Amino acid sequence: MSALGVSFGAPWLLLALPLLLLLPGRRTPALWGARVLALALLLVALARPALPLPGAGVAVLVDVSHSLDTRAVEVLGELELAAEPLAFYTFAGDVSAHAAPPTPADAEREGLRDRTDIARALQVAGASGVGRLLLLSDGAESAGDALAALPELPVDVLHVRGPESVRLEALHAPESARPGETVEVTAVVASDLETEVTLRATRDGEALPPITRTVSPGRTPLSFSLELGAGAAGSVAVEARLEVPFEQPFQDDLQRLDIAVAADEPVLVINDPAMAELLEVQGFHVRRGRPADVTAPLNYSAVVLREGAGAFTPGQLELLGSYVQGGGGLMMTGGPDAFGLGGWYRTPVEAVLPVTTDLRTEVEVPLVALVIVMDVSQSMTAGNPSRLELAKEGAVGVVDLAYERDMLGFITFSDRPEWVFRPRQATLQGKREMTAAILNVAPQGGTIFEPAYREALDVLMAQEAAVKHVIVLTDGKFADGTGPFSRGPAPDFGRLAALGRRSGITTSTIAIGDGADPQQLTTIARAGGGRYYEALDVSTLPRIFTTEALSATRSLLREGPLTPTPRDHPLAPAATLRGAPEVGAYIASSLKGEGEMILEGLDGEPLLAVSRQGLGRSAALTTDLNAFAGDFGAWEALPGVLGTLTRWLQVRPATYAATVRPEGNGLRVVVDAVQEGEYIDGEALVARYEGLQVPLEQVAPGRYEGFLDTPPAGGTLLVVGDGEVVARAAVTAPSGEFDTAGGEALLQEIARRTGGEVLAEAGRYAPEMPARATPIWPWPALAAAAVFLLELLWRRFGPLRA
């Protein structure tokens, strides 16, 4: 509020002035008037009056941090400054005042040039009494929070672009490796121009062959290999330095890291010769094994599977799942018995993979008609739980997997066929009724198969469906054509299955128990174009049923060739994967919520994905390097990608796990301490990096945090407890000082919030100087005090003294 040029900070207090006339004491008008005047002056002072006075000039703030070097000083020289008087400040991590426009020499003398604190510069210049600020910067704020420290005066901004430069942004390598391995290290080079660069790397101080290459604007990966001797132990220090044929800031040209060298435990590779060979040529200790090698304890650094779930017992599947949950690494690779083709659905192994074989999110779903033909003879009651109960559980699983438009039917056979339900759509209501009908199935007499099979084929021939399929389950030999009451010779079931196949109906068979006839069932499956399953254990029946439903009725094999799409990931940056050749085919699956995509196939389906599961790690490569990977399998970068991934899988959880993330111009350190599932509390831990150290404070059960006020410079951060190194963490993030992304937007927001202007370029700068509100509340406050004192004196010594 303002009146007659006077503004008030709290004008509502002036509303109390009329109330002063109600004060008692009118019998002594002089004293009453003095009291009212004193209180009125006090209210006016509390309302914070101010008078507008002309602005007191412009202060120019010049960013001289390393990301700009002297570029902002040069731009200042191009400005025609028309506003006077002027004050000048150079700033980086600190602020310095200058009586005249700063020179490049002044910029080089500024302290703490490895950081940019715009907030501090605004606070210092804003308190100098000027009426307006001009900020020259690239906006790369690596310290402080400028938007939280804006002055109450306009801030004009001019975005200054730093000199074109080349930066070594990061150095990626495995966290650990085994003696004798060859590891790949990737340096990520970011460039503003096309130029020739030379990367000079060292291993434990010993120079490696330099890499010289021409890089284009953007990010370019430069990779080199390190051979770890068989006797290597402890850690290997790797340093990389960038050289260019011109002068530029050198603070972002160096990265360092340590690679821990751990004990040599083999990688167990089951039924994947191509993967085994790929790892062996990189120096991995590989054991080419079989499913029988999955025994407790699993003393392997990682396990690679290219096998079907049916090759493992339920106990082995549980062992593999708990191996990952407890800290192990597992990779499943594509093949004829992998993922949805291999019966892994709803197993303990699928539970720890980054993908699921349930494709209910698939967009293009063929209309399916499927009939289950199940033996319900008395022999199916054997076992506890019985074969029949487990078979019914498997049938319920098929119903659960069905899409709404799928047609499902269920017919049983004993002495005669009996429909449990004829083919009907798997709507929500339909599924409920089908499930109830399956659970009510009871055992009956013998095993006459032909009538039930013919009935199933006849019904399916009348169905309009893209996929027609029969699943046959029995635990004994068919009694057709045998016994005193049989009529005619035994039917030719292979011919019957082939007849169905010519009509577009496929048949798969499942045998349980020693009494089944594997030869007959195999003949039916081959002639019917389906698959034959032999249950090692009756408890595998539910899984076999659902696997068969998935593989027979869903298009699980994606045939190309198709070009994989890279997704940026720390294990394999997109720049490394760009240019991956076409994949011949892969097995369709869906990425789980916790999964992380590295290579994508069609419509978001994973070609290569990873995840963390419990204390362990898992990966999925859904193509087959032995068969249908195509040109992708011969890609020269593939061994490095899969080698890095395998080393990631080999990393076992440590008692102390340290992570480091950039925060401002420093590093936030977080350590989780867990041993055998129990948090470790009360530890005295210290983080050490680049000659600095900071004690870590416990902030939660088993969690410790600290902040190092130093920019990232590559290398390895150490966590020390009781005088010993208990954890390491690679620091690969580029310094916040050179992260100019969003800098221009920050400057524009500063101008918008303060009412300043955004200068498009250097030129004439003649801003309109705003009037400044100068506080005058001390004057009515002093006057109120004087009147109050006079009233006291009058009462004490005046003629009206009582």
# chains A, B, ... in the order shown; residues from 1 in each chain; ligands from 1
$ residues_around --residues "Arg728 (chain A)" --least-positions-apart "5" --cutoff "9 Å" --atoms "only C-alpha atoms" --output "ChimeraX atom specification"
/A:258,260,656-659,716-719
$ write_last_selection --atoms "C-alpha atoms" --output "JSON list (two decimals), in the first residue's frame"
[["chain", "number", "residue", "atom", "x", "y", "z"],
["A", 258, "ASP", "CA", 40.01, -49.45, -8.93],
["A", 260, "ALA", "CA", 38.93, -55.43, -7.11],
["A", 656, "TYR", "CA", 29.34, -53.35, 3.67],
["A", 657, "ALA", "CA", 27.89, -52.07, 0.38],
["A", 658, "ALA", "CA", 28.84, -48.50, -0.54],
["A", 659, "THR", "CA", 27.17, -46.26, -3.14],
["A", 716, "THR", "CA", 37.71, -44.96, -5.94],
["A", 717, "LEU", "CA", 36.14, -43.99, -2.63],
["A", 718, "LEU", "CA", 37.14, -46.13, 0.34],
["A", 719, "VAL", "CA", 35.07, -46.91, 3.42]]
$ residues_around --residues "Asp145 (chain A)" --least-positions-apart "5" --cutoff "10 Å" --atoms "only C-alpha atoms" --output "PyMOL selection string"
chain A and resi 117-120+150+664
$ write_last_selection --atoms "C-alpha atoms" --output "PDB file, in the first residue's frame"
ATOM      1  CA  ASP A 117      28.007 -20.690  -6.380  1.00  0.00           C
ATOM      2  CA  ILE A 118      25.537 -18.337  -8.063  1.00  0.00           C
ATOM      3  CA  ALA A 119      23.510 -18.033  -4.858  1.00  0.00           C
ATOM      4  CA  ARG A 120      26.460 -16.575  -2.933  1.00  0.00           C
ATOM      5  CA  LEU A 150      17.172 -14.396  -4.943  1.00  0.00           C
ATOM      6  CA  GLY A 664      25.810 -30.340  -5.862  1.00  0.00           C
TER       7      GLY A 664
END
$ residues_around --residues "Trp777 (chain A)" --least-positions-apart "6" --cutoff "9 Å" --atoms "only C-alpha atoms" --output "PyMOL selection string"
chain A and resi 44-50
$ write_last_selection --atoms "C-alpha atoms" --output "short mmCIF file (atom, residue, chain, number, x, y, z; two decimals), in the first residue's frame"
data_model
loop_
_atom_site.label_atom_id
_atom_site.label_comp_id
_atom_site.auth_asym_id
_atom_site.auth_seq_id
_atom_site.Cartn_x
_atom_site.Cartn_y
_atom_site.Cartn_z
CA VAL A 44 3.02 4.32 11.90
CA ALA A 45 6.54 3.00 12.59
CA LEU A 46 5.24 -0.59 12.97
CA ALA A 47 3.49 -0.26 9.59
CA ARG A 48 7.03 -0.01 8.07
CA PRO A 49 6.77 3.14 5.90
CA ALA A 50 9.20 3.59 3.00
#
$ closest_atom_pairs --of "region 324-399 of chain A" --to "region 269-293 of chain A" --cutoff "12 Å" --atoms "only C-alpha atoms" --output "JSON lines"
{"residue": "A:Gly329", "atom": "CA", "partner": "A:Val269", "partner_atom": "CA", "distance": 12.0}
{"residue": "A:Leu330", "atom": "CA", "partner": "A:Val269", "partner_atom": "CA", "distance": 10.0}
{"residue": "A:Met331", "atom": "CA", "partner": "A:Val269", "partner_atom": "CA", "distance": 9.3}
{"residue": "A:Met332", "atom": "CA", "partner": "A:Ile270", "partner_atom": "CA", "distance": 9.7}
{"residue": "A:Thr333", "atom": "CA", "partner": "A:Asp272", "partner_atom": "CA", "distance": 7.9}
{"residue": "A:Gly334", "atom": "CA", "partner": "A:Asp272", "partner_atom": "CA", "distance": 9.2}
{"residue": "A:Gly335", "atom": "CA", "partner": "A:Asp272", "partner_atom": "CA", "distance": 8.7}
{"residue": "A:Pro336", "atom": "CA", "partner": "A:Asn271", "partner_atom": "CA", "distance": 11.1}
{"residue": "A:Asp337", "atom": "CA", "partner": "A:Asn271", "partner_atom": "CA", "distance": 10.3}
{"residue": "A:Ala338", "atom": "CA", "partner": "A:Asn271", "partner_atom": "CA", "distance": 10.8}
$ write_last_selection --atoms "N, CA and C atoms" --output "tab-separated table (two decimals), in the first residue's frame"
chain	number	residue	atom	x	y	z
A	329	GLY	N	24.64	-65.05	-8.88
A	329	GLY	CA	24.28	-64.45	-10.16
A	329	GLY	C	23.82	-65.51	-11.13
A	330	LEU	N	22.72	-65.27	-11.84
A	330	LEU	CA	22.14	-66.24	-12.75
A	330	LEU	C	21.76	-65.56	-14.06
A	331	MET	N	22.12	-66.20	-15.19
A	331	MET	CA	21.70	-65.72	-16.51
A	331	MET	C	21.01	-66.87	-17.25
A	332	MET	N	19.85	-66.58	-17.82
A	332	MET	CA	19.20	-67.53	-18.72
A	332	MET	C	19.37	-67.03	-20.14
A	333	THR	N	19.79	-67.92	-21.04
A	333	THR	CA	19.97	-67.56	-22.44
A	333	THR	C	18.93	-68.29	-23.28
A	334	GLY	N	18.67	-67.74	-24.47
A	334	GLY	CA	17.65	-68.30	-25.33
A	334	GLY	C	18.05	-69.64	-25.91
A	335	GLY	N	17.07	-70.44	-26.26
A	335	GLY	CA	17.28	-71.75	-26.83
A	335	GLY	C	15.96	-72.45	-26.99
A	336	PRO	N	15.97	-73.66	-27.55
A	336	PRO	CA	14.70	-74.37	-27.78
A	336	PRO	C	13.96	-74.74	-26.51
A	337	ASP	N	14.66	-74.73	-25.36
A	337	ASP	CA	14.01	-75.07	-24.09
A	337	ASP	C	14.14	-73.95	-23.07
A	338	ALA	N	14.23	-72.72	-23.53
A	338	ALA	CA	14.42	-71.59	-22.61
A	338	ALA	C	13.13	-70.78	-22.48
$ atom_distance --atom1 "CA of Leu370 (chain A)" --atom2 "CA of Leu390 (chain A)"
19.4 Å
$ select_by_dssp --residues "region 178-409 of chain A" --states "helix (DSSP H, G or I)" --output "JSON, numbers by chain"
{"A": [273, 274, 275, 276, 277, 278, 279, 280, 291, 292, 293, 309, 310, 311, 314, 315, 316, 317, 318, 319, 320, 321, 322, 323, 324, 325, 339, 340, 341, 350, 351, 352, 378, 379, 380, 381, 387, 388, 389, 390, 391, 392, 393, 394, 395, 396, 397, 398, 399, 400, 401]}
$ select_by_dssp --residues "region 300-528 of chain A" --states "strand (DSSP E)" --output "ChimeraX atom specification"
/A:302-305,329-333,355-356,368-375,407-413,417-425,467-474,505-511
$ residues_around --residues "Gly77 (chain A)" --least-positions-apart "3" --cutoff "12 Å" --atoms "only C-alpha atoms" --output "short mmCIF file (atom, residue, chain, number, x, y, z; two decimals) with N, CA and C atoms, in the first residue's frame"
data_model
loop_
_atom_site.label_atom_id
_atom_site.label_comp_id
_atom_site.auth_asym_id
_atom_site.auth_seq_id
_atom_site.Cartn_x
_atom_site.Cartn_y
_atom_site.Cartn_z
N VAL A 60 27.57 -5.82 -11.80
CA VAL A 60 27.77 -6.84 -12.83
C VAL A 60 28.49 -8.02 -12.19
N VAL A 62 30.30 -11.63 -12.82
CA VAL A 62 30.96 -12.33 -13.91
C VAL A 62 31.43 -13.69 -13.42
N THR A 70 37.83 -17.76 -18.90
CA THR A 70 37.75 -16.29 -18.99
C THR A 70 36.71 -15.86 -20.04
N ARG A 71 35.89 -16.79 -20.48
CA ARG A 71 34.94 -16.47 -21.55
C ARG A 71 33.96 -15.38 -21.13
N ALA A 72 33.43 -15.40 -19.89
CA ALA A 72 32.48 -14.39 -19.45
C ALA A 72 33.15 -13.02 -19.35
N VAL A 73 34.44 -12.99 -18.98
CA VAL A 73 35.17 -11.72 -18.94
C VAL A 73 35.27 -11.12 -20.35
N GLU A 74 35.50 -12.01 -21.34
CA GLU A 74 35.58 -11.53 -22.72
C GLU A 74 34.23 -10.99 -23.20
N GLU A 80 28.26 -2.81 -24.03
CA GLU A 80 28.32 -1.35 -23.91
C GLU A 80 27.48 -0.99 -22.69
N LEU A 81 28.16 -0.72 -21.59
CA LEU A 81 27.48 -0.48 -20.31
C LEU A 81 27.11 1.00 -20.22
N ALA A 100 36.86 -1.78 -11.21
CA ALA A 100 36.78 -1.59 -12.66
C ALA A 100 36.42 -2.94 -13.28
N PRO A 101 36.05 -2.94 -14.54
CA PRO A 101 35.74 -4.22 -15.19
C PRO A 101 36.89 -5.20 -15.03
N PRO A 102 36.62 -6.43 -14.62
CA PRO A 102 37.69 -7.41 -14.39
C PRO A 102 38.38 -7.81 -15.68
N THR A 103 39.63 -8.21 -15.55
CA THR A 103 40.43 -8.67 -16.68
C THR A 103 40.62 -10.19 -16.58
N PRO A 104 41.13 -10.83 -17.65
CA PRO A 104 41.42 -12.26 -17.55
C PRO A 104 42.35 -12.59 -16.40
N LEU A 136 26.38 -12.66 -15.70
CA LEU A 136 26.97 -13.30 -16.86
C LEU A 136 27.48 -14.67 -16.43
N ALA A 762 25.43 -10.00 -26.39
CA ALA A 762 26.18 -8.86 -25.87
C ALA A 762 25.94 -7.65 -26.79
N GLY A 763 25.72 -6.50 -26.21
CA GLY A 763 25.46 -5.27 -26.97
C GLY A 763 25.29 -4.12 -26.00
N ARG A 764 24.46 -3.16 -26.34
CA ARG A 764 24.24 -2.03 -25.46
C ARG A 764 23.36 -2.47 -24.29
N TYR A 765 23.81 -2.15 -23.09
CA TYR A 765 23.06 -2.49 -21.88
C TYR A 765 22.71 -1.22 -21.14
#
$ residues_around --residues "Gly445 (chain A)" --least-positions-apart "2" --cutoff "10 Å" --atoms "only C-alpha atoms" --output "MDAnalysis selection string"
chainID A and resid 375:379 413:416 443 447:448
$ write_last_selection --atoms "C-alpha atoms" --output "PDB file, in the first residue's frame"
ATOM      1  CA  ASP A 375      -7.043 -89.904 -18.179  1.00  0.00           C
ATOM      2  CA  VAL A 376      -9.218 -90.290 -15.044  1.00  0.00           C
ATOM      3  CA  SER A 377      -8.788 -94.044 -14.556  1.00  0.00           C
ATOM      4  CA  GLN A 378      -8.308 -95.468 -11.065  1.00  0.00           C
ATOM      5  CA  SER A 379      -4.522 -95.561 -11.473  1.00  0.00           C
ATOM      6  CA  PHE A 413     -11.582 -90.751 -20.669  1.00  0.00           C
ATOM      7  CA  SER A 414     -11.832 -93.996 -18.729  1.00  0.00           C
ATOM      8  CA  ASP A 415     -14.286 -96.653 -19.947  1.00  0.00           C
ATOM      9  CA  ARG A 416     -16.055 -93.946 -21.941  1.00  0.00           C
ATOM     10  CA  PRO A 443     -11.691 -91.087 -10.923  1.00  0.00           C
ATOM     11  CA  THR A 447      -8.269 -96.263 -20.184  1.00  0.00           C
ATOM     12  CA  ILE A 448     -10.155 -96.303 -23.490  1.00  0.00           C
TER      13      ILE A 448
END
$ residues_around --residues "Ala426 (chain A)" --least-positions-apart "4" --cutoff "12 Å" --atoms "only C-alpha atoms" --output "list in words"
Leu367, Val368, Ala369, Leu370, Val396, Val398, Val399, Asp400, Leu401, Ala402, Tyr403, Glu404, Arg405, Asp406, Met407, Leu408, Gly409, Phe421, Arg422, Gly430, Lys431, Arg432, Glu433, Met434 and Thr435 of chain A
$ residues_around --residues "Gly529 (chain A)" --least-positions-apart "2" --cutoff "12 Å" --atoms "only C-alpha atoms" --output "JSON, numbers by chain"
{"A": [468, 469, 470, 471, 494, 497, 498, 499, 500, 501, 502, 503, 504, 505, 506, 507, 508, 509, 522, 523, 524, 525, 526, 527, 531, 532, 552]}
$ write_last_selection --atoms "C-alpha atoms" --output "short mmCIF file (atom, residue, chain, number, x, y, z; two decimals), in the first residue's frame"
data_model
loop_
_atom_site.label_atom_id
_atom_site.label_comp_id
_atom_site.auth_asym_id
_atom_site.auth_seq_id
_atom_site.Cartn_x
_atom_site.Cartn_y
_atom_site.Cartn_z
CA LYS A 468 -6.32 -75.42 -32.46
CA HIS A 469 -4.56 -77.67 -29.99
CA VAL A 470 -5.08 -80.83 -27.92
CA ILE A 471 -3.24 -81.75 -24.73
CA GLY A 494 -0.43 -91.70 -35.01
CA ALA A 497 -3.10 -87.39 -34.88
CA ALA A 498 -1.80 -86.80 -38.40
CA LEU A 499 -5.36 -86.49 -39.67
CA GLY A 500 -6.02 -83.84 -37.04
CA ARG A 501 -2.83 -82.02 -38.02
CA ARG A 502 -3.91 -81.88 -41.67
CA SER A 503 -7.05 -80.17 -40.40
CA GLY A 504 -4.96 -77.59 -38.51
CA ILE A 505 -5.10 -79.28 -35.08
CA THR A 506 -1.88 -80.01 -33.19
CA THR A 507 -1.52 -82.52 -30.36
CA SER A 508 0.91 -82.68 -27.42
CA THR A 509 1.15 -85.52 -24.91
CA THR A 522 5.81 -89.79 -28.59
CA THR A 523 4.30 -91.12 -31.83
CA ILE A 524 1.09 -89.16 -31.25
CA ALA A 525 3.00 -85.93 -30.46
CA ARG A 526 5.25 -86.22 -33.52
CA ALA A 527 2.40 -87.05 -35.87
CA ARG A 531 5.56 -81.96 -28.03
CA TYR A 532 5.98 -84.95 -25.77
CA ALA A 552 1.45 -74.18 -28.19
#
$ atom_distance --atom1 "CA of Tyr679 (chain A)" --atom2 "CA of Pro695 (chain A)"
19.0 Å
$ atom_distance --atom1 "CA of Glu243 (chain A)" --atom2 "CA of Asp114 (chain A)"
19.7 Å
$ closest_residue --among "A:Ala16, A:Gln248, A:Glu389, A:Glu169" --to "Leu39 (chain A)" --atoms "only C-alpha atoms"
A:Ala16
$ closest_residue --among "A:Arg161, A:Gly756, A:Val371, A:Leu746" --to "Ala148 (chain A)" --atoms "only C-alpha atoms"
A:Leu746
